[in-house]
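S.K.: One structure is given below, represented as structure tokens, and several questions about it will come after.
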Number of protein chains: 2
Amino acid sequence: MFNKVLIIGCGLIGSSILRAINSKKLSKKIFVLEKSKSNISKIKKIKSNCKFIKNINNKISDVDLVVICTPMSEYKKIIQKLNKSLKKNCLITDVGSTKQNIIKLKNKILSKKLHWISSHPISGSEVSGPEYGNKNLFLNKWCVIIKEKKQSSKKINLLKKLWKKIGSNVILMDPIKHDKIFSITSHLPHLIAYNLIKTAQDSQKIQRKNLIQYSAGGLRDFSRIAASNEIMWRDIFFSNDNIIKAINLFTKNLNSFKKIIQNKNNKKLLSRLSNSKKVRAQIIQLKQDIAKPDFGRE
Amino acid sequence: MFNKVLIIGCGLIGSSILRAINSKKLSKKIFVLEKSKSNISKIKKIKSNCKFIKNINNKISDVDLVVICTPMSEYKKIIQKLNKSLKKNCLITDVGSTKQNIIKLKNKILSKKLHWISSHPISGSEVSGPEYGNKNLFLNKWCVIIKEKKQSSKKINLLKKLWKKIGSNVILMDPIKHDKIFSITSHLPHLIAYNLIKTAQDSQKIQRKNLIQYSAGGLRDFSRIAASNEIMWRDIFFSNDNIIKAINLFTKNLNSFKKIIQNKNNKKLLSRLSNSKKVRAQIIQLKQDIAKPDFGRE
């Protein structure tokens, strides 16, 4: 499928792409650019067929595909180097979690000779680092490909084919729609989880009670999401303007929830609580989660 | 250990206690009072050794232990009947999730000849009904026993022994402390999860986009908690006054989170996000959750 692929940033997602491309034999050669020495030694241990490079330079000028898997705050520097080093016609994609900011940046500074089509595989986790990577990470997961005007349909098809080959369900979306949807299904839940854990930490200080040890009643679930990589999530929270709208809607609902409780409004409370149940059923039916009670934890 | 035990309400928790007492042979006879015909037929299917009764009356006057596992809103009626039917010295416990309200109620209306010592096994789930019950539900889970002045130490020891025999780690707590701790570790997380799902439902209407299908990015975790039994949770939200304080603290933190994002305060945001990570590590170390990434879901 490819002669030469370059993966920039080889943590959870990058190393999973590396494993998947190797396993499906989708490229004759794979280059990996990874800054962290500890990550490099972890990747060496998994004996992936790849060649490490230290910089973006003319040695990689003839790659067919570049996959950027670094935090989004590093994209600017990377694009400037790719502009200088890559030959015409190379396809670039990235796996960043917000899209309007990326499209804006690349439209501004990417060399016109290069093709950038943005991707977002919905397959993150609370853990990061190549040791958690998995060739099946993308299996049956959504991968959003960002549609813009004036894209090469040949390149779009190539990118689609790559994600499908490594197991994803591909969907095309424009960047505005993407950022709206994921502000609700991913960015707000993470922010709320971080905020709940902060609130529990504050309460522990106020109450002077070691309450974390009783977290199996619900708190522990939020702690998993709130353990996600801080650099990645800082970049997301700073990049998606929809998050402020989402916080405002959440706060409005929380205020009304509080009033319902304070007024002991039985009917309204029961209707709220039973409505939520339907969403869980829908999520399971859509195969977005496993059906086992308590996620099958023992 | 007991001659006769009566379980009132035989859903997830009640049927798990039934199974556990049977399995450990802790009572010669077990009576079950369950209103729902569908639940009764489900319990019959698991072939538990028990006798169904239809009312609280003199036939059960000589039980040694009553375990109340109904929603808390039914306690008042139940106590009034127990007052009339039970012989002196019987031990009553319950498994309700808030405690100051229960203690207040029983102090007001329970006959002085009876002993009530309140329990709270931390072992709920998003599912309800006897079909999900399990004799090992309490294994290695906390069970809080509520400590009050003027309790029979003999009866406390008996109750402790019961919970320990069926696998729980027992801890004694006063009702005020209990309600404060669980307002943060359980009640607030549930309320926040319900509120997040409501916000996602509202957003879906506003955006006119079917966003639930992309919920694997974080939303799905909240949907599990927000699928919990609505009667049980209505009773909890109406019973624990600490929940309002908890909402207020959460809202204060959320407002400051919003400002940090709007002001692009890099240092403060990174410090918040990395602090949360420590809580997850602590929860795993305290064996309050499994260590596998993504709860071991596939």
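Numbering starts fresh at 1 for the residues of each chain in the structure tokens, the chains themselves are lettered A, B, ... in the order given, and ligands are numbered from 1 as they appear.
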Could the residues of chain B within 7 Å of chain A, counting only C-alpha atoms, be given as a PDB file with N, CA and C atoms, in the first residue's frame, please?
M.R.:
```
ATOM      1  N   ILE B 122     -21.273  -1.229  50.430  1.00  0.00           N
ATOM      2  CA  ILE B 122     -20.916  -0.421  49.243  1.00  0.00           C
ATOM      3  C   ILE B 122     -20.735  -1.383  48.074  1.00  0.00           C
ATOM      4  N   SER B 125     -24.795  -1.261  41.921  1.00  0.00           N
ATOM      5  CA  SER B 125     -24.425  -1.387  40.515  1.00  0.00           C
ATOM      6  C   SER B 125     -25.486  -0.661  39.699  1.00  0.00           C
ATOM      7  N   GLU B 126     -25.280  -0.544  38.384  1.00  0.00           N
ATOM      8  CA  GLU B 126     -26.284   0.131  37.563  1.00  0.00           C
ATOM      9  C   GLU B 126     -27.490  -0.750  37.297  1.00  0.00           C
ATOM     10  N   VAL B 127     -27.358  -2.044  37.566  1.00  0.00           N
ATOM     11  CA  VAL B 127     -28.480  -2.946  37.323  1.00  0.00           C
ATOM     12  C   VAL B 127     -29.243  -3.183  38.623  1.00  0.00           C
ATOM     13  N   ILE B 181     -19.189  11.674  53.851  1.00  0.00           N
ATOM     14  CA  ILE B 181     -18.256  10.942  52.983  1.00  0.00           C
ATOM     15  C   ILE B 181     -18.945  10.474  51.701  1.00  0.00           C
ATOM     16  N   ILE B 184     -19.828  12.668  48.707  1.00  0.00           N
ATOM     17  CA  ILE B 184     -18.742  12.959  47.747  1.00  0.00           C
ATOM     18  C   ILE B 184     -18.347  11.734  46.921  1.00  0.00           C
ATOM     19  N   THR B 185     -18.247  10.582  47.558  1.00  0.00           N
ATOM     20  CA  THR B 185     -17.730   9.422  46.819  1.00  0.00           C
ATOM     21  C   THR B 185     -18.813   8.690  46.021  1.00  0.00           C
ATOM     22  N   SER B 186     -20.068   8.948  46.330  1.00  0.00           N
ATOM     23  CA  SER B 186     -21.129   8.221  45.632  1.00  0.00           C
ATOM     24  C   SER B 186     -22.260   9.128  45.125  1.00  0.00           C
ATOM     25  N   PRO B 189     -21.070  11.910  42.416  1.00  0.00           N
ATOM     26  CA  PRO B 189     -20.770  11.292  41.117  1.00  0.00           C
ATOM     27  C   PRO B 189     -22.023  10.824  40.365  1.00  0.00           C
ATOM     28  N   HIS B 190     -22.990  10.264  41.079  1.00  0.00           N
ATOM     29  CA  HIS B 190     -24.219   9.845  40.396  1.00  0.00           C
ATOM     30  C   HIS B 190     -24.977  11.054  39.852  1.00  0.00           C
ATOM     31  N   TYR B 194     -25.816  11.732  35.916  1.00  0.00           N
ATOM     32  CA  TYR B 194     -27.167  11.998  35.411  1.00  0.00           C
ATOM     33  C   TYR B 194     -27.202  13.341  34.668  1.00  0.00           C
ATOM     34  N   ASN B 195     -26.519  14.328  35.235  1.00  0.00           N
ATOM     35  CA  ASN B 195     -26.556  15.665  34.640  1.00  0.00           C
ATOM     36  C   ASN B 195     -25.807  15.715  33.311  1.00  0.00           C
ATOM     37  N   LEU B 196     -24.737  14.951  33.223  1.00  0.00           N
ATOM     38  CA  LEU B 196     -23.984  14.921  31.965  1.00  0.00           C
ATOM     39  C   LEU B 196     -24.809  14.260  30.860  1.00  0.00           C
ATOM     40  N   ILE B 197     -25.500  13.195  31.199  1.00  0.00           N
ATOM     41  CA  ILE B 197     -26.319  12.512  30.189  1.00  0.00           C
ATOM     42  C   ILE B 197     -27.471  13.417  29.743  1.00  0.00           C
ATOM     43  N   LYS B 198     -28.081  14.115  30.705  1.00  0.00           N
ATOM     44  CA  LYS B 198     -29.133  15.089  30.353  1.00  0.00           C
ATOM     45  C   LYS B 198     -28.567  16.161  29.408  1.00  0.00           C
ATOM     46  N   THR B 199     -27.345  16.620  29.682  1.00  0.00           N
ATOM     47  CA  THR B 199     -26.714  17.640  28.835  1.00  0.00           C
ATOM     48  C   THR B 199     -26.439  17.098  27.435  1.00  0.00           C
ATOM     49  N   ALA B 200     -26.021  15.838  27.357  1.00  0.00           N
ATOM     50  CA  ALA B 200     -25.803  15.228  26.038  1.00  0.00           C
ATOM     51  C   ALA B 200     -27.120  15.097  25.280  1.00  0.00           C
ATOM     52  N   LEU B 211     -25.414  12.261  18.207  1.00  0.00           N
ATOM     53  CA  LEU B 211     -24.055  12.194  18.754  1.00  0.00           C
ATOM     54  C   LEU B 211     -23.809  11.014  19.687  1.00  0.00           C
ATOM     55  N   ILE B 212     -24.893  10.404  20.181  1.00  0.00           N
ATOM     56  CA  ILE B 212     -24.733   9.282  21.128  1.00  0.00           C
ATOM     57  C   ILE B 212     -23.895   8.149  20.517  1.00  0.00           C
ATOM     58  N   GLN B 213     -23.976   8.009  19.188  1.00  0.00           N
ATOM     59  CA  GLN B 213     -23.217   6.922  18.549  1.00  0.00           C
ATOM     60  C   GLN B 213     -21.706   7.106  18.637  1.00  0.00           C
ATOM     61  N   TYR B 214     -21.261   8.302  19.031  1.00  0.00           N
ATOM     62  CA  TYR B 214     -19.818   8.526  19.185  1.00  0.00           C
ATOM     63  C   TYR B 214     -19.416   8.593  20.657  1.00  0.00           C
ATOM     64  N   SER B 215     -20.107   7.854  21.498  1.00  0.00           N
ATOM     65  CA  SER B 215     -19.922   8.045  22.938  1.00  0.00           C
ATOM     66  C   SER B 215     -18.738   7.287  23.531  1.00  0.00           C
ATOM     67  N   ALA B 216     -18.012   6.532  22.696  1.00  0.00           N
ATOM     68  CA  ALA B 216     -16.882   5.763  23.245  1.00  0.00           C
ATOM     69  C   ALA B 216     -15.732   6.652  23.718  1.00  0.00           C
ATOM     70  N   GLY B 217     -15.764   7.933  23.393  1.00  0.00           N
ATOM     71  CA  GLY B 217     -14.686   8.841  23.804  1.00  0.00           C
ATOM     72  C   GLY B 217     -14.748   9.282  25.248  1.00  0.00           C
ATOM     73  N   GLY B 218     -15.705   8.797  26.032  1.00  0.00           N
ATOM     74  CA  GLY B 218     -15.797   9.193  27.435  1.00  0.00           C
ATOM     75  C   GLY B 218     -17.227   9.147  27.959  1.00  0.00           C
ATOM     76  N   LEU B 219     -18.184   9.571  27.118  1.00  0.00           N
ATOM     77  CA  LEU B 219     -19.573   9.669  27.553  1.00  0.00           C
ATOM     78  C   LEU B 219     -20.143   8.348  28.062  1.00  0.00           C
ATOM     79  N   ARG B 220     -19.748   7.257  27.421  1.00  0.00           N
ATOM     80  CA  ARG B 220     -20.330   5.957  27.772  1.00  0.00           C
ATOM     81  C   ARG B 220     -20.139   5.589  29.241  1.00  0.00           C
ATOM     82  N   SER B 223     -22.790   7.093  31.240  1.00  0.00           N
ATOM     83  CA  SER B 223     -24.110   6.521  30.953  1.00  0.00           C
ATOM     84  C   SER B 223     -24.366   5.278  31.804  1.00  0.00           C
ATOM     85  N   ARG B 224     -23.315   4.569  32.173  1.00  0.00           N
ATOM     86  CA  ARG B 224     -23.490   3.393  33.035  1.00  0.00           C
ATOM     87  C   ARG B 224     -24.038   3.829  34.397  1.00  0.00           C
ATOM     88  N   ALA B 226     -25.456   6.602  35.144  1.00  0.00           N
ATOM     89  CA  ALA B 226     -26.751   7.275  34.993  1.00  0.00           C
ATOM     90  C   ALA B 226     -27.870   6.307  34.612  1.00  0.00           C
ATOM     91  N   ALA B 227     -27.559   5.021  34.545  1.00  0.00           N
ATOM     92  CA  ALA B 227     -28.596   4.022  34.272  1.00  0.00           C
ATOM     93  C   ALA B 227     -29.068   3.370  35.575  1.00  0.00           C
ATOM     94  N   GLU B 230     -33.951   4.542  39.413  1.00  0.00           N
ATOM     95  CA  GLU B 230     -34.406   5.919  39.650  1.00  0.00           C
ATOM     96  C   GLU B 230     -35.105   6.106  40.998  1.00  0.00           C
ATOM     97  N   ARG B 234     -33.701   8.722  43.611  1.00  0.00           N
ATOM     98  CA  ARG B 234     -34.568   9.818  44.051  1.00  0.00           C
ATOM     99  C   ARG B 234     -34.528   9.891  45.572  1.00  0.00           C
ATOM    100  N   PHE B 237     -31.155  11.388  46.748  1.00  0.00           N
ATOM    101  CA  PHE B 237     -31.012  12.832  46.506  1.00  0.00           C
ATOM    102  C   PHE B 237     -31.913  13.648  47.432  1.00  0.00           C
ATOM    103  N   PHE B 238     -33.075  13.106  47.781  1.00  0.00           N
ATOM    104  CA  PHE B 238     -33.975  13.823  48.682  1.00  0.00           C
ATOM    105  C   PHE B 238     -33.563  13.679  50.149  1.00  0.00           C
ATOM    106  N   ILE B 244     -26.281  19.202  48.479  1.00  0.00           N
ATOM    107  CA  ILE B 244     -26.345  20.604  48.017  1.00  0.00           C
ATOM    108  C   ILE B 244     -24.980  21.281  48.183  1.00  0.00           C
ATOM    109  N   LEU B 249     -19.790  23.190  45.773  1.00  0.00           N
ATOM    110  CA  LEU B 249     -18.333  23.109  45.636  1.00  0.00           C
ATOM    111  C   LEU B 249     -17.945  22.711  44.210  1.00  0.00           C
ATOM    112  N   PHE B 250     -18.705  21.766  43.657  1.00  0.00           N
ATOM    113  CA  PHE B 250     -18.449  21.329  42.280  1.00  0.00           C
ATOM    114  C   PHE B 250     -18.604  22.513  41.311  1.00  0.00           C
ATOM    115  N   ASN B 253     -15.750  25.000  41.509  1.00  0.00           N
ATOM    116  CA  ASN B 253     -14.581  24.477  40.794  1.00  0.00           C
ATOM    117  C   ASN B 253     -14.766  24.529  39.278  1.00  0.00           C
ATOM    118  N   LEU B 254     -16.004  24.274  38.830  1.00  0.00           N
ATOM    119  CA  LEU B 254     -16.270  24.280  37.389  1.00  0.00           C
ATOM    120  C   LEU B 254     -16.126  25.694  36.819  1.00  0.00           C
ATOM    121  N   LYS B 258     -13.500  26.869  33.991  1.00  0.00           N
ATOM    122  CA  LYS B 258     -13.893  27.601  32.780  1.00  0.00           C
ATOM    123  C   LYS B 258     -13.006  28.839  32.589  1.00  0.00           C
ATOM    124  N   ILE B 261      -9.571  27.996  31.342  1.00  0.00           N
ATOM    125  CA  ILE B 261      -9.571  27.714  29.897  1.00  0.00           C
ATOM    126  C   ILE B 261      -9.699  29.009  29.096  1.00  0.00           C
ATOM    127  N   LYS B 264      -6.642  30.907  28.980  1.00  0.00           N
ATOM    128  CA  LYS B 264      -5.510  30.078  28.522  1.00  0.00           C
ATOM    129  C   LYS B 264      -4.384  30.051  29.568  1.00  0.00           C
ATOM    130  N   LEU B 269      -3.809  25.095  34.456  1.00  0.00           N
ATOM    131  CA  LEU B 269      -4.521  23.966  33.849  1.00  0.00           C
ATOM    132  C   LEU B 269      -3.701  22.680  33.987  1.00  0.00           C
ATOM    133  N   LEU B 270      -2.419  22.760  33.664  1.00  0.00           N
ATOM    134  CA  LEU B 270      -1.574  21.563  33.765  1.00  0.00           C
ATOM    135  C   LEU B 270      -1.516  21.048  35.201  1.00  0.00           C
ATOM    136  N   LEU B 273      -4.790  19.183  35.947  1.00  0.00           N
ATOM    137  CA  LEU B 273      -4.924  17.906  35.252  1.00  0.00           C
ATOM    138  C   LEU B 273      -3.968  16.860  35.818  1.00  0.00           C
ATOM    139  N   SER B 274      -2.762  17.286  36.169  1.00  0.00           N
ATOM    140  CA  SER B 274      -1.841  16.261  36.677  1.00  0.00           C
ATOM    141  C   SER B 274      -2.138  15.871  38.120  1.00  0.00           C
ATOM    142  N   SER B 276      -5.075  15.277  39.335  1.00  0.00           N
ATOM    143  CA  SER B 276      -6.125  14.253  39.324  1.00  0.00           C
ATOM    144  C   SER B 276      -5.568  12.852  39.157  1.00  0.00           C
ATOM    145  N   LYS B 277      -4.470  12.780  38.411  1.00  0.00           N
ATOM    146  CA  LYS B 277      -3.841  11.496  38.133  1.00  0.00           C
ATOM    147  C   LYS B 277      -3.481  10.761  39.421  1.00  0.00           C
ATOM    148  N   VAL B 279      -5.011  10.682  42.194  1.00  0.00           N
ATOM    149  CA  VAL B 279      -6.162  10.050  42.833  1.00  0.00           C
ATOM    150  C   VAL B 279      -6.408   8.664  42.237  1.00  0.00           C
ATOM    151  N   ARG B 280      -6.278   8.568  40.919  1.00  0.00           N
ATOM    152  CA  ARG B 280      -6.460   7.263  40.284  1.00  0.00           C
ATOM    153  C   ARG B 280      -5.454   6.248  40.846  1.00  0.00           C
ATOM    154  N   ILE B 283      -6.526   5.150  44.257  1.00  0.00           N
ATOM    155  CA  ILE B 283      -7.708   4.275  44.220  1.00  0.00           C
ATOM    156  C   ILE B 283      -7.311   2.845  43.854  1.00  0.00           C
ATOM    157  N   LEU B 286      -5.469   1.300  46.756  1.00  0.00           N
ATOM    158  CA  LEU B 286      -6.409   0.949  47.835  1.00  0.00           C
ATOM    159  C   LEU B 286      -7.360  -0.188  47.426  1.00  0.00           C
ATOM    160  N   GLN B 288      -9.693  -0.203  45.261  1.00  0.00           N
ATOM    161  CA  GLN B 288     -11.061   0.237  45.033  1.00  0.00           C
ATOM    162  C   GLN B 288     -11.441   0.104  43.553  1.00  0.00           C
ATOM    163  N   ASP B 289     -10.488  -0.246  42.708  1.00  0.00           N
ATOM    164  CA  ASP B 289     -10.798  -0.465  41.294  1.00  0.00           C
ATOM    165  C   ASP B 289      -9.720  -1.380  40.718  1.00  0.00           C
ATOM    166  N   PRO B 293      -6.031  -0.956  32.193  1.00  0.00           N
ATOM    167  CA  PRO B 293      -6.495   0.213  31.444  1.00  0.00           C
ATOM    168  C   PRO B 293      -7.918   0.003  30.939  1.00  0.00           C
ATOM    169  N   ASP B 294      -8.700   1.088  30.944  1.00  0.00           N
ATOM    170  CA  ASP B 294     -10.066   1.064  30.411  1.00  0.00           C
ATOM    171  C   ASP B 294     -10.922  -0.023  31.078  1.00  0.00           C
ATOM    172  N   PHE B 295     -10.701  -0.264  32.378  1.00  0.00           N
ATOM    173  CA  PHE B 295     -11.421  -1.276  33.162  1.00  0.00           C
ATOM    174  C   PHE B 295     -11.332  -2.669  32.537  1.00  0.00           C
ATOM    175  N   ARG B 297     -11.969  -3.403  29.544  1.00  0.00           N
ATOM    176  CA  ARG B 297     -12.956  -3.593  28.470  1.00  0.00           C
ATOM    177  C   ARG B 297     -12.252  -3.925  27.171  1.00  0.00           C
TER     178      ARG B 297
END
```
S.K.: For His115 in chain B, work out the shell of residues within 7 Å, counting only C-alpha atoms and skipping chain neighbours fewer than 6 positions away, then give it as a list in words.
M.R.: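 My reading of the contact set: Asn89, Cys90, Leu91 and Ile92 of chain B.
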S.K.: Please save N, CA and C atoms of the selected residues as a short mmCIF file (atom, residue, chain, number, x, y, z; two decimals), in the first residue's frame.
M.R.:
```cif
data_model
loop_
_atom_site.label_atom_id
_atom_site.label_comp_id
_atom_site.auth_asym_id
_atom_site.auth_seq_id
_atom_site.Cartn_x
_atom_site.Cartn_y
_atom_site.Cartn_z
N ASN B 89 -36.54 -7.76 71.30
CA ASN B 89 -35.15 -8.20 71.15
C ASN B 89 -34.70 -8.53 69.72
N CYS B 90 -35.63 -8.48 68.78
CA CYS B 90 -35.26 -8.76 67.39
C CYS B 90 -34.31 -7.67 66.88
N LEU B 91 -33.33 -8.08 66.08
CA LEU B 91 -32.40 -7.12 65.47
C LEU B 91 -32.88 -6.77 64.05
N ILE B 92 -32.95 -5.47 63.80
CA ILE B 92 -33.32 -5.01 62.46
C ILE B 92 -32.14 -4.27 61.86
#
```
S.K.: Just the residues within 7 Å of range 16-26 of chain B, please, counting only C-alpha atoms, with nothing from its chain fewer than 3 positions along; format it as number ranges by chain.
M.R.: B: 1-2, 12-13, 48-49, 133-137, 166
S.K.: Could you please determine the separation between CA of Lys4 in chain B and CA of Asp62 in chain B in Å, to one decimal place?
M.R.: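 Answer for the CA of Lys4 in chain B to CA of Asp62 in chain B separation: 7.5 Å.
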S.K.: DSSP on the backbone, strand (DSSP E) only: what residues of range 3-218 of chain A does that give? Format it as a ChimeraX atom specification.
M.R.: /A:3-8,27-33,51-53,65-68,91-94,115-116,119-121,142-146,169-173
S.K.: Tell me, in Å to one decimal, how far CA of Ile53 in chain A is from CA of Thr98 in chain A.
M.R.: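 Computing it gives 27.4 Å between the two atoms.
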S.K.: Could you name the residues that touch Met72 in chain B at 8 Å or less, counting only C-alpha atoms, but leaving out those on the same chain fewer than 4 positions away, as a list of chain:residue names?
M.R.: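 These residues fall inside the cut-off: B:Gly96, B:Ile102, B:Met232, B:Asp235.
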S.K.: Just how far from CA of Ile117 in chain B is CA of Ser85 in chain B, in Å to one decimal?
M.R.: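 Interatomic distance, CA of Ser85 in chain B to CA of Ile117 in chain B: 18.3 Å.
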S.K.: Residues within 12 Å of Ile8 in chain A, please, as number ranges by chain. Count only C-alpha atoms; anything in the same chain fewer than 5 positions from it doesn't count.
M.R.: A: 13-15, 17-18, 30-36, 51-56, 60, 65-72, 74-75, 78-79, 81-82, 92-95
